[in-house]
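Structure data (TSV, C-alpha atoms) from data35.tsv:
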chain	number	residue	atom	x	y	z
J	65	MET	CA	-0.95	-98.58	-16.25
J	66	VAL	CA	-1.78	-95.01	-15.23
J	67	ALA	CA	-1.97	-96.03	-11.56
J	68	LYS	CA	1.51	-97.57	-11.90
J	69	LEU	CA	2.85	-94.31	-13.32
J	70	ALA	CA	1.22	-92.42	-10.46
J	71	ASN	CA	2.92	-94.76	-7.97
J	72	ILE	CA	6.30	-94.25	-9.63
J	73	SER	CA	5.70	-90.50	-9.43
J	74	ILE	CA	4.97	-90.81	-5.72
J	75	GLN	CA	8.20	-92.76	-5.20
J	76	LEU	CA	10.28	-90.14	-7.02
J	77	LEU	CA	8.63	-87.24	-5.21
J	78	GLY	CA	9.29	-89.07	-1.95
J	79	GLN	CA	12.98	-89.38	-2.80
J	80	ILE	CA	13.17	-85.65	-3.48
J	81	ALA	CA	11.41	-84.91	-0.19
J	82	GLN	CA	13.79	-87.22	1.71
J	83	MET	CA	16.74	-85.43	0.13
J	84	SER	CA	15.28	-82.04	1.09
J	85	GLN	CA	14.66	-83.11	4.68
J	86	GLN	CA	18.36	-83.84	5.12
J	87	LEU	CA	19.35	-80.30	4.15
J	88	ASN	CA	19.37	-77.43	6.58
J	89	ALA	CA	17.33	-74.37	5.61
J	90	ASP	CA	20.38	-72.37	4.53
J	91	HIS	CA	21.61	-75.10	2.18
J	92	TYR	CA	18.13	-75.59	0.69
J	93	SER	CA	17.89	-71.94	-0.34
J	94	GLU	CA	21.57	-71.13	-0.93
J	95	PRO	CA	22.42	-69.84	-4.44
J	96	LEU	CA	24.96	-72.28	-5.87
J	97	PRO	CA	27.55	-71.48	-8.56
J	98	LEU	CA	27.09	-74.98	-10.05
J	99	LEU	CA	23.43	-74.04	-10.62
J	100	SER	CA	24.27	-70.62	-12.09
J	101	GLY	CA	23.14	-69.00	-8.86
J	102	ASN	CA	19.94	-71.02	-8.54
J	103	THR	CA	19.09	-73.08	-5.46
J	104	ILE	CA	18.18	-76.63	-4.55
J	105	GLY	CA	14.80	-75.29	-3.49
J	106	LYS	CA	14.14	-73.80	-6.92
J	107	HIS	CA	14.75	-77.17	-8.59
J	108	VAL	CA	12.51	-78.90	-6.06
J	109	ARG	CA	9.79	-76.28	-6.56
J	110	HIS	CA	10.00	-76.62	-10.33
J	111	VAL	CA	9.44	-80.39	-10.21
J	112	TYR	CA	6.64	-80.16	-7.65
J	113	GLU	CA	4.82	-77.41	-9.53
J	114	LEU	CA	4.80	-79.32	-12.80
J	115	PHE	CA	3.11	-82.24	-11.07
J	116	TYR	CA	0.71	-79.77	-9.46
J	117	GLU	CA	-0.20	-78.22	-12.83
J	118	MET	CA	-0.75	-81.69	-14.29
J	119	LEU	CA	-3.14	-82.51	-11.45
J	120	GLN	CA	-4.93	-79.19	-11.95
J	121	GLY	CA	-5.31	-80.21	-15.59
J	122	VAL	CA	-7.10	-83.38	-14.55
J	123	GLU	CA	-9.71	-81.21	-12.84
J	124	ASN	CA	-10.27	-78.84	-15.79
J	125	ASP	CA	-9.22	-81.05	-18.77
J	126	ARG	CA	-6.35	-78.71	-19.69
J	127	VAL	CA	-2.72	-78.80	-18.59
J	128	ASN	CA	-0.66	-75.63	-18.84
J	129	TYR	CA	2.77	-75.90	-17.27
J	130	ASP	CA	3.38	-72.23	-18.10
J	131	ALA	CA	0.69	-71.34	-15.50
J	132	ARG	CA	2.74	-72.53	-12.52
J	133	LYS	CA	2.90	-70.09	-9.61
J	134	ARG	CA	6.63	-70.30	-8.87
J	135	SER	CA	5.96	-70.34	-5.14
J	136	LEU	CA	8.72	-68.83	-3.03
J	137	LEU	CA	7.45	-70.82	-0.06
J	138	ILE	CA	8.18	-74.13	-1.79
J	139	GLU	CA	11.68	-73.05	-2.78
J	140	GLU	CA	12.62	-71.45	0.54
J	141	ASP	CA	10.72	-73.32	3.28
J	142	ILE	CA	11.46	-77.05	3.58
J	143	ALA	CA	8.51	-77.68	5.92
J	144	PHE	CA	6.08	-76.01	3.51
J	145	SER	CA	7.66	-77.85	0.59
J	146	ASN	CA	7.21	-81.18	2.39
J	147	SER	CA	3.57	-80.39	3.16
J	148	PHE	CA	3.01	-79.41	-0.47
J	149	VAL	CA	4.47	-82.66	-1.80
J	150	GLU	CA	2.49	-84.72	0.72
J	151	ASP	CA	-0.69	-83.19	-0.71
J	152	LEU	CA	0.52	-83.93	-4.25
J	153	CYS	CA	1.17	-87.56	-3.36
J	154	LYS	CA	-2.29	-87.94	-1.80
J	155	LYS	CA	-3.83	-86.71	-5.05
J	156	LEU	CA	-1.60	-88.97	-7.12
J	157	GLU	CA	-2.70	-91.96	-5.02
J	158	LEU	CA	-6.27	-91.37	-6.25
J	159	ILE	CA	-5.37	-91.77	-9.92
J	160	SER	CA	-6.70	-94.98	-11.38
J	161	ASN	CA	-7.88	-94.17	-14.91
J	162	ASP	CA	-6.38	-92.42	-17.87
J	163	LYS	CA	-8.04	-89.26	-19.15
J	164	ASN	CA	-7.87	-87.21	-22.33
J	165	LEU	CA	-6.46	-83.73	-21.80
J	166	ILE	CA	-5.41	-80.68	-23.78
J	167	LEU	CA	-1.82	-79.51	-23.28
J	168	SER	CA	-1.50	-75.74	-23.65
J	169	GLY	CA	1.70	-73.77	-23.78
J	170	ASN	CA	3.65	-71.10	-25.56
J	171	TYR	CA	6.61	-73.18	-26.80
J	172	GLY	CA	8.12	-70.13	-28.48
J	173	ALA	CA	5.09	-69.59	-30.69
J	174	HIS	CA	3.32	-66.25	-30.96
J	175	ALA	CA	0.11	-67.84	-29.72
J	176	ASP	CA	-0.60	-70.67	-27.34
J	177	VAL	CA	-0.23	-74.14	-28.78
J	178	ASN	CA	-2.92	-76.68	-27.87
J	179	LEU	CA	-2.19	-80.39	-28.24
J	180	ASN	CA	-4.14	-83.52	-27.46
J	181	THR	CA	-2.57	-85.57	-24.68
J	182	THR	CA	-3.54	-87.92	-21.89
J	183	LEU	CA	-2.98	-88.08	-18.18
J	184	GLY	CA	-0.78	-91.15	-18.74
J	185	ARG	CA	1.40	-89.29	-21.20
J	186	GLU	CA	1.74	-86.33	-18.82
J	187	LEU	CA	2.62	-88.63	-15.93
J	188	ALA	CA	5.34	-90.19	-18.10
J	189	TYR	CA	6.61	-86.72	-19.01
J	190	ASN	CA	6.68	-85.62	-15.38
J	191	ILE	CA	8.53	-88.78	-14.34
J	192	GLU	CA	11.25	-88.16	-16.93
J	193	HIS	CA	11.36	-84.47	-16.04
J	194	ALA	CA	11.70	-85.26	-12.32
J	195	ILE	CA	14.53	-87.73	-12.99
J	196	HIS	CA	16.33	-85.09	-15.06
J	197	HIS	CA	16.19	-82.62	-12.17
J	198	MET	CA	17.10	-85.33	-9.69
J	199	ALA	CA	20.28	-85.97	-11.71
J	200	ILE	CA	21.15	-82.28	-11.35
J	201	LEU	CA	20.34	-82.40	-7.64
J	202	GLN	CA	22.53	-85.50	-7.24
J	203	ILE	CA	25.49	-83.63	-8.70
J	204	CYS	CA	24.89	-80.76	-6.29
J	205	MET	CA	24.60	-83.08	-3.29
J	206	LYS	CA	27.91	-84.77	-4.14
J	207	HIS	CA	29.63	-81.44	-4.79
J	208	TYR	CA	28.26	-79.26	-1.97
J	209	PHE	CA	26.38	-81.39	0.54
J	210	ALA	CA	28.10	-84.77	0.73
J	211	TYR	CA	26.42	-85.42	4.09
J	212	VAL	CA	23.10	-86.00	2.28
J	213	GLN	CA	22.39	-89.68	1.69
J	214	LEU	CA	20.65	-90.46	-1.61
J	215	PRO	CA	19.22	-93.75	-2.86
J	216	GLU	CA	21.56	-95.62	-5.20
J	217	ASN	CA	19.65	-94.76	-8.40
J	218	PHE	CA	18.61	-91.22	-7.48
J	219	GLY	CA	18.47	-89.28	-10.75
J	220	VAL	CA	19.25	-92.26	-12.98
J	221	ALA	CA	16.74	-92.90	-15.77
J	222	PHE	CA	14.94	-96.22	-15.60
J	223	SER	CA	16.19	-97.12	-19.07
J	224	THR	CA	19.78	-96.48	-17.93
J	225	GLN	CA	19.25	-98.61	-14.82
J	226	LYS	CA	17.94	-101.45	-17.01
J	227	PHE	CA	20.81	-101.10	-19.48
J	228	LEU	CA	23.42	-101.17	-16.73
J	229	LYS	CA	21.81	-104.18	-15.07
J	230	GLU	CA	21.68	-106.14	-18.34
J	231	ASN	CA	25.16	-105.20	-19.46
J	232	VAL	CA	27.15	-105.31	-16.25
J	233	HIS	CA	27.93	-108.99	-16.88
J	234	ALA	CA	28.35	-108.69	-20.66

Kindly transcribe the structure held in the file into structure tokens.
Amino acid sequence: MVAKLANISIQLLGQIAQMSQQLNADHYSEPLPLLSGNTIGKHVRHVYELFYEMLQGVENDRVNYDARKRSLLIEEDIAFSNSFVEDLCKKLELISNDKNLILSGNYGAHADVNLNTTLGRELAYNIEHAIHHMAILQICMKHYFAYVQLPENFGVAFSTQKFLKENVHA
């Protein structure tokens, strides 16, 4: 099951990369009012870095999403961003077994919170998180960059896709 989640992650990251490749550099890093002055590149970076931190956690048994680097290169340079996500996908392809991990984070507490988790659970979280950001990116593409072609279900949760498919004939 974990390998299936890794493959779904690769597919979603690929869709984000394909979207990014259609944008010119100015559009990728342009502050947008709809995003409260944030950029497409910042949303892409955010998704990519959470997957990166999860994969780092596999190596050291501890995931800490708060530790992400917030790389300006990922959010400003499409070519670098694409290279970064290619490396992520290569590492995701190697996942075949689940693994126990510790999830560390601040979560508004005065001290770090440490929770038991698994690689499978963190993959599931990152999939849902990516879809959430893809929904935001879809809105921006339709509003600002209508020339960008997105897959039909870009940013639509799998549960929503299933619901719509089952209920379209009801």

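Among the candidates J:Leu119, J:Leu114, J:Ala173, J:Leu98, the residue lying nearest to Ile200 of chain J is J:Leu98 (atoms considered: all atoms listed in the file).
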
Residues near segment 88-92 of chain J, anyone? I mean within 7 Å using all atoms listed in the file, not counting same-chain ones fewer than 5 positions away, as a PyMOL selection string. chain J and resi 103-105+140+142

From the set J:Val127, J:Ile72, J:Ala175, J:Val220, which residue has the shortest atom-to-atom contact distance to Ala188 of chain J, counting only C-alpha atoms?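 Answer, going by the shortest atom-to-atom distance: J:Ile72.
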
Counting only C-alpha atoms, which of J:Leu183, J:Val232, J:Ile138, J:Ile159 gets nearest to Glu113 of chain J?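 Residue with the minimum atom-to-atom distance to Glu113 of chain J: J:Ile138.
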
Name the closest residue to Val111 of chain J among the candidates J:Ile191, J:Leu214, J:Leu156, J:Ala221; distances are taken between atoms, counting all atoms listed in the file.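 Looking only at the distances to Val111 of chain J, the closest residue turns out to be J:Ile191.
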
Between atom CA of Ser93 of chain J and atom CA of Leu137 of chain J, what distance in Å does the model show, to one decimal?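 Computed distance, atom CA of Ser93 of chain J to atom CA of Leu137 of chain J, equals 10.5 Å.
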
Would you mind reading off the distance between atom CA of His110 of chain J and atom CA of Thr182 of chain J, one decimal, in Å? 21.1 Å

Gap from atom CA of Asp141 of chain J to atom CA of Pro215 of chain J - Å, one decimal: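 Spanning atom CA of Asp141 of chain J to atom CA of Pro215 of chain J is a straight-line distance of 23.0 Å.
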
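Each of J:Leu77, J:Val122, J:Cys153, J:Met83 was compared to Phe209 of chain J using all atoms listed in the file, and J:Met83 turns out to be the nearest.
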
What are the centre and the three edge lengths of an axis-aligned box that wraps all atoms of segment 193-212 of chain J in the file, given that 8 Å is added to every side, written as AutoDock Vina command-line options and rounded to one decimal in Å?
--center_x 20.5 --center_y -83.5 --center_z -6.0 --size_x 34.3 --size_y 24.5 --size_z 36.1

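If all atoms listed in the file are the atoms counted, then among J:His107, J:Lys229, J:Asn164, J:His174 the closest residue to Pro95 of chain J is J:His107.
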
Counting all atoms listed in the file, find residues at most 12 Å from (8.8, -95.8, -7.3) (file frame) and give them as a ChimeraX atom specification. /J:67-80,153,191,195,215,217-218,221-222
